[in-house]
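Q: Let me give you the structure first, and then I'll get to my questions.
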Amino acid sequence: MQEDDRGESQAQRYDRNWLELIQELRVAQTGIQVLAGFLLTLPFSSGFPRLDHAHRVVFLVAFGLAVVTVGLMTAPVALHRFLFGRHEKDVLVHTGDLFAKSGMAAMGLTLVTVVTLIFGVVLNDVAGLVAGATVLVFYTLAWVVLPLSLLRPAPKRP
């Protein structure tokens, strides 16, 4: 097997990339699982019946996004179970990466929706929309624009 500039084979690189992906997912999963758990309890709280229809819809969108996010963030583990021992680490890493990126997008949208709901209930709907838009801009800049701006073209090899 050919080695790269790190001195690792392609198989070693896939192993390292898989471990890094799993570590990243562990960090993200904890936060979204806590948020999803919190959202699960809201309909059973005493103040929930006082929410108007629009706020209930925003809540359901937030909860739905949280459920989708948990599914996307845990999908690489299920994928690993099916591909384990089949020497398909490249497929696992590439597909896991797609799930992770999709999960991060869903998590960002979940947080935007939750912020919109909270500000809308506590202050008013305009404040909710402004707060949600602000969080959307922040996550877009921090999670998409900044990483893309840091990408450098790979140096050309002789």
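For the structure tokens, the naming scheme is as follows: chains receive sequential letters (A, B, ...) according to their order of presentation, residues are indexed from 1 within each chain, and ligands are indexed from 1 in presentation order.
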For A:Gln23, find every residue with an atom within 12 Å (counting only C-alpha atoms), except residues of its own chain fewer than 5 positions away, and show them as a list in words.

A: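 Listed by chain and then number, they are Arg16, Asn17, Trp18, Ala28, Gln29, Thr30, Met73, Pro76, Val77 and Ala100 of chain A.
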
Q: Store the residues picked out above in a file with C-alpha atoms, as an mmCIF file, in the first residue's frame.

A:
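What ended up in selection-v5.cif:
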```
data_model
loop_
_atom_site.group_PDB
_atom_site.id
_atom_site.type_symbol
_atom_site.label_atom_id
_atom_site.label_comp_id
_atom_site.auth_asym_id
_atom_site.auth_seq_id
_atom_site.Cartn_x
_atom_site.Cartn_y
_atom_site.Cartn_z
ATOM 1 C CA ARG A 16 -7.567 7.599 11.752
ATOM 2 C CA ASN A 17 -10.307 9.497 9.898
ATOM 3 C CA TRP A 18 -12.947 7.157 11.290
ATOM 4 C CA ALA A 28 -22.125 16.935 19.017
ATOM 5 C CA GLN A 29 -24.353 14.029 20.087
ATOM 6 C CA THR A 30 -24.205 14.941 23.748
ATOM 7 C CA MET A 73 -25.566 11.815 14.247
ATOM 8 C CA PRO A 76 -22.566 6.297 11.294
ATOM 9 C CA VAL A 77 -22.668 3.893 14.239
ATOM 10 C CA ALA A 100 -22.035 14.127 10.188
#
```

Q: Please provide the set of residues having any atom within 7 Å of stretch 35-45 of chain A, restricted to only C-alpha atoms, with same-chain residues fewer than 6 positions apart removed, written as a list in words.

A: Phe63, Ala66 and Val67 of chain A

Q: Calculated over only C-alpha atoms, which of the candidates A:Ala105, A:Val57, A:Val91, A:Leu51 has the smallest distance to A:Thr69?

A: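 Smallest separation from A:Thr69 among the options: A:Ala105.
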
Q: Go through stretch 66-125 of chain A residue by residue and, counting only C-alpha atoms, keep those with an atom at most 12 Å from stretch 140-144 of chain A; for each kept residue give the shortest atom pair and its distance in Å to one decimal, ordered by chain and increasing number, as a Markdown table.

A:
```
| residue | atom | partner | partner_atom | distance |
| --- | --- | --- | --- | --- |
| A:Lys101 | CA | A:Trp143 | CA | 10.0 |
| A:Met104 | CA | A:Trp143 | CA | 8.6 |
| A:Ala105 | CA | A:Trp143 | CA | 8.9 |
| A:Met107 | CA | A:Trp143 | CA | 11.2 |
| A:Gly108 | CA | A:Thr140 | CA | 8.5 |
| A:Leu109 | CA | A:Thr140 | CA | 10.2 |
| A:Val112 | CA | A:Thr140 | CA | 10.9 |
```

Q: Within 7 Å of stretch 113-124 of chain A, counting only C-alpha atoms, which residues qualify if same-chain residues fewer than 3 places away don't, as number ranges by chain?

A: A: 55, 58-59, 62, 109-110, 127-129, 131-132
